[in-house]
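Q: Structure below; questions to follow.
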Amino acid sequence: MNGSIATVGRDIGRILEALGGLMLVSLVVPVVWGEFYALPALLVSAVIPLGIGRLLYRRFQDAEAPGRFHGMIVAASGWFSVGLFGSLPFLLIAWSVQLGLPGFTTPAQTATLAAFTEPLNALFESMSGFTGTGLTMTDNEEVLPRTLQWWRTFSEWIGGVGVIVLTTAILSRPGSGSLTLYESEARSEKIHPSIVSTVRTIWWIFILFTFVSILALWLAGMPIWGAINHGMTGLATGGFSITDNSIATYDSVAIDFVLIPIMLLGSIAFPVHYLILQGDLRNFYSDLQTRWVFGYMGLGSALLWSFLYFAGPYETPFAALRYGLFQFVSAATCTGFQTAVDATNVALGRWPSYAQLTVTFGMFVGGAAGSTAGGIKLIRGLTLAKGIRHQIADVFYPESAIRRLEINGRRLNEEEASREFMEAAIIVVLWITFLVIGTFVLLLTLPSGEYSLANVLFEVASAQGNVGLSSGITGPESLPTVGKISFLFHMWIGRLEIIPVLVTLRTIFQRGGLYR
Amino acid sequence: MTVRDLPVLSSVFEAGADDRVFDSLLLVGPLVIGVIILLERSLITEALALAYIAVFVVYTLYRGIRK
């Protein structure tokens with residue numbers, strides 16, 4: 001037991017040290033923008049996790065190397081700790097402005113920033129950032145200090161890299177999609193043999209794509225500060241914006257259409273990106289998940305377009321295409337950028353129920369495993385579909401027949417097929433179970449009659465799928481405290497694909513120690 | 001001493017793409033964004049940004065076709 005605590009403590013210590021380091025790097029932003037009043041708050045926010053992290057690391061530095069279960073607990077508790085300590089900049093900067101700092105000129109307090117004087121709102125924002133969700137406790141992002149605009153963006157960007165590392169290097173297991181990619185018979189190449197070099201490779205690909213995204217958005221007409229922020233959160237499929245009406249603020253066709261490939265980049269598995277950058281362009285169509293990223297997003301967008309044009313709120317085919325395509329891709333890649341708002345067209349929450357449910361389905365399935373996207377992941381949906389077909393077809397074969405399930409170029413025997421099918425089924429069942437529980441909780445706590453069932457289901461799927469689109473429920477005042485706590489849990493389990501969180505909670509609640 | 005031995009460059013080359021063009025894009029990216037911040041939108045900065053994206057796209061396609 002003590003050995004496990006030491007291993008977990010040591011790794012959490014390293015994670016907190018890294019978080020403190022990221023906050024120290026962010027000190028550049030208040031200096032550049034002249035927001036000197038934010039410096040003490042950001043510095044204190046950095047020193048706390050840095051100090052605790054250093055303490056934990058020193059105390060347990062001789063701990064044993066982590067195993068798979070340690071990995072799950074470190075991932076779940078690490079993500080929660082990062083969310084917790086990552087809320088400090090929101091809380092402390094909001095209080096700095098609220099109370100004023102001797103020796104510093106502070107701006108007038110705004111209702112938006114004042115919301116973060118509530119610790120729960122600050123925690124919500126931070127957790128939403130690090131899980132790449134994008135639901136927000138702000139009602140007008142434009143009036144936030146640049147330092148906090150940056151911290152929100154940076155948290156999503158770091159969270160994006162974190163989840164790729166998590167799924168491709170740390171928690172890769174049968175049925176998760178990541179291992180599937182590595183072990184493909186058609187393409188047996190791993191990114192790299194070791195975790196360290198895999199992480200390095202993910203970093204350079206992510207950074208390179210970030211530069212390309214920023215420049216593309218700027219060329220499309222976005223101001224450079226907006227391009228930096230939206231390029232980072234778009235690629236990380238996070239969806240935080242620095243404007244009040246998300247991407248709708250720009251009301252630009254060019255920006256809408258440039259963001260679509262950026263969001264798609266984030267939702268394709270990074271091992272596949274690596275192979276493509278190595279010159280293996282066939283992966284665009286030979287890799288099952290990548291093929292389906294394009295296929296299912298195309299089909300979903302076409303369906304949504306038809307709903308929005310023939311029976312919905314848009315009068316021209318192009319308007320229905322522009323908003324339908326963007327919102328479906330934004331939902332299915334789990335980004336959460338919004339162009340459908342009342343200020344420029346028709347808000348998502350006022351779309352017909354069947355259109356909202358189509359978007360909800362996109363959020364449920366999500367993007368590829370090994371990407372920054374959320375949801376159940378395409379590979380699980382495909383494994384389930386193929387597995388069910390395989391089981392049904394089994395009836396028509398003689399008992400002596402040896403059949404194999406083929407997934408992404410791999411031919412699985414009975415045992416392998418059963419294991420992967422089972423894992424995909426468990427995740428999907430858990431996902432739906434928590435979705436239903438969350439819907440009940442929200443229906444019980446929201447004022448009756450104010451939101452439809454479609455609205456509530458949409459919002460919970462958005463939180464659990466780490467999407468961030470809102471039907472209007474999430475907000476500092478509109479979402480009740482129980483709803484905020486419930487959403488914190490949904491965002492957390494959604495990011496970690498449920499099982500590591502359940503393993504961690506079981507370990508915490510089971511007296512007698514870590515796993516026996 | 002070669003370019004690869006310089007402090008910042010050495011870590012980019014070590015952790016980077018093991019490819020001269022991608023490594024260069026990684027190094028030049030922050031500079032291009034910095035130039036845009038300083039000079040704002042102009043024909044020159046737009047050409048710079050366009051060139052950056054073009055090199056990335058064309059080189060990726062070139063590697064694919066060559067393979």
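All residue names refer to the structure tokens as shown: chains lettered A, B, ... in order, residues numbered from 1 in each chain, ligands numbered from 1 in order.
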Could you make a table, as a tab-separated table, of the residues of chain A that have an atom within 10 Å of an atom of chain B, each with its nearest atom pair and distance in Å to one decimal, counting only C-alpha atoms, in chain and number order?
A:
```
residue	atom	partner	partner_atom	distance
A:Val196	CA	B:Ala15	CA	9.9
A:Ser197	CA	B:Ala15	CA	7.8
A:Val199	CA	B:Ala15	CA	9.4
A:Arg200	CA	B:Ala15	CA	5.7
A:Thr201	CA	B:Gly16	CA	6.8
A:Ile202	CA	B:Gly16	CA	9.6
A:Trp203	CA	B:Gly16	CA	8.4
A:Trp204	CA	B:Gly16	CA	5.7
A:Ile205	CA	B:Ala17	CA	7.9
A:Ile207	CA	B:Leu26	CA	7.3
A:Leu208	CA	B:Leu26	CA	5.8
A:Phe209	CA	B:Leu26	CA	9.5
A:Thr210	CA	B:Gly29	CA	9.2
A:Phe211	CA	B:Gly29	CA	5.8
A:Val212	CA	B:Ile53	CA	6.0
A:Ser213	CA	B:Ile53	CA	8.9
A:Ile214	CA	B:Ile33	CA	8.3
A:Leu215	CA	B:Ala49	CA	5.7
A:Ala216	CA	B:Ile53	CA	7.4
A:Trp218	CA	B:Ala49	CA	8.4
A:Leu219	CA	B:Glu46	CA	6.6
A:Gly221	CA	B:Arg41	CA	9.4
A:Pro223	CA	B:Arg41	CA	8.8
A:Ile224	CA	B:Ile37	CA	6.8
A:Trp225	CA	B:Ile37	CA	8.5
A:Ile228	CA	B:Ile33	CA	8.8
A:Tyr274	CA	B:Ala17	CA	9.5
A:Leu275	CA	B:Gly64	CA	9.9
A:Ile276	CA	B:Gly64	CA	7.5
A:Leu277	CA	B:Thr60	CA	5.9
A:Gln278	CA	B:Arg63	CA	7.0
A:Gly279	CA	B:Gly64	CA	3.8
A:Asp280	CA	B:Gly64	CA	5.6
A:Leu281	CA	B:Gly64	CA	5.5
A:Arg282	CA	B:Gly64	CA	8.4
```
Q: Include C-alpha atoms and write out the residues we just selected as a compact mmCIF listing (two decimals), in the first residue's frame.
A:
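Final output, selection.txt:
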```txt
# COMPACT_ATOMS: atom_id res chain seq x y z
CA VAL A 196 9.64 9.64 -23.68
CA SER A 197 10.34 9.73 -27.40
CA VAL A 199 5.80 12.24 -26.01
CA ARG A 200 8.46 14.31 -27.74
CA THR A 201 7.07 13.38 -31.14
CA ILE A 202 3.54 14.29 -30.08
CA TRP A 203 4.87 17.66 -28.89
CA TRP A 204 6.55 18.64 -32.13
CA ILE A 205 3.58 17.60 -34.23
CA ILE A 207 3.41 22.62 -31.90
CA LEU A 208 3.85 22.58 -35.67
CA PHE A 209 0.10 22.22 -36.23
CA THR A 210 -0.48 25.05 -33.75
CA PHE A 211 1.70 27.45 -35.76
CA VAL A 212 -0.04 26.46 -38.99
CA SER A 213 -3.48 26.90 -37.37
CA ILE A 214 -2.64 30.33 -35.95
CA LEU A 215 -1.31 31.60 -39.28
CA ALA A 216 -4.23 30.17 -41.25
CA TRP A 218 -4.85 35.14 -39.16
CA LEU A 219 -4.79 34.93 -42.95
CA GLY A 221 -8.96 37.71 -41.23
CA PRO A 223 -6.84 39.48 -35.40
CA ILE A 224 -3.55 37.94 -34.22
CA TRP A 225 -4.52 37.65 -30.51
CA ILE A 228 -3.32 32.64 -31.31
CA TYR A 274 2.97 11.06 -37.49
CA LEU A 275 2.73 8.50 -40.28
CA ILE A 276 1.26 11.07 -42.68
CA LEU A 277 4.06 13.53 -41.92
CA GLN A 278 6.51 10.71 -42.58
CA GLY A 279 5.08 10.63 -46.10
CA ASP A 280 2.58 7.80 -45.68
CA LEU A 281 -0.41 9.70 -47.08
CA ARG A 282 -2.38 6.46 -47.55
```
Q: Residues near A:Val467, anyone? I mean within 9 Å using only C-alpha atoms, not counting same-chain ones fewer than 6 positions away, as a count of residues only.
A: 21
Q: As an exercise, work out the distance from atom CA of A:Ser486 to atom CA of A:Gly438 in Å and give it to one decimal place.
A: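 That distance, rounded to one decimal, is 6.8 Å.
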Q: Please provide as a VMD selection string all residues within 8 Å of stretch 107-118 of chain A, with the sequence filter that same-chain residues fewer than 3 positions apart are discarded (counting only C-alpha atoms).
A: chain A and resid 90 to 92 94 to 95 97 to 98 121 to 122 137 to 141 143 to 144 476
Q: Do a neighbour search on A:Glu35 at 8 Å with only C-alpha atoms, toss out local chain neighbours closer than 6 positions, and write the hits as a ChimeraX atom specification.
A: /A:145-147
Q: Nearest residue to A:Ala347 out of A:Ala248, A:Ile12, A:Ala393, A:Ala236, using only C-alpha atoms?
A: A:Ala248
Q: Which residues are near stretch 38-42 of chain A? Cut-off 12 Å, only C-alpha atoms, ignore same chain within fewer than 5 positions. Put them as a PyMOL selection string.
A: chain A and resi 19-33+47-49+85-98+100-107+144-148+150-151
Q: Please return, as a PyMOL selection string, all residues of stretch 233-397 of chain A that DSSP assigns to helix (DSSP H, G or I) on the basis of the backbone.
A: chain A and resi 233-235+246-249+253-267+270-277+283-286+288-310+317-332+348-350+353-365+378-394
Q: Near stretch 447-460 of chain A, within 6 Å and counting only C-alpha atoms, which residues show up once chain neighbours fewer than 4 positions away are dropped, as a VMD selection string?
A: chain A and resid 360 439 470 to 471
Q: One number please: atom CA of A:Ile426 to atom CA of A:Met297, in Å, one decimal.
A: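 Straight-line distance from atom CA of A:Ile426 to atom CA of A:Met297 works out to 24.5 Å.
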Q: Excluding A:Ala302 and residues on its chain fewer than 2 positions from it, collect all residues at most 10 Å away from it, counting only C-alpha atoms, and give them as a ChimeraX atom specification.
A: /A:296-300,304-308,320-321,324-325,328
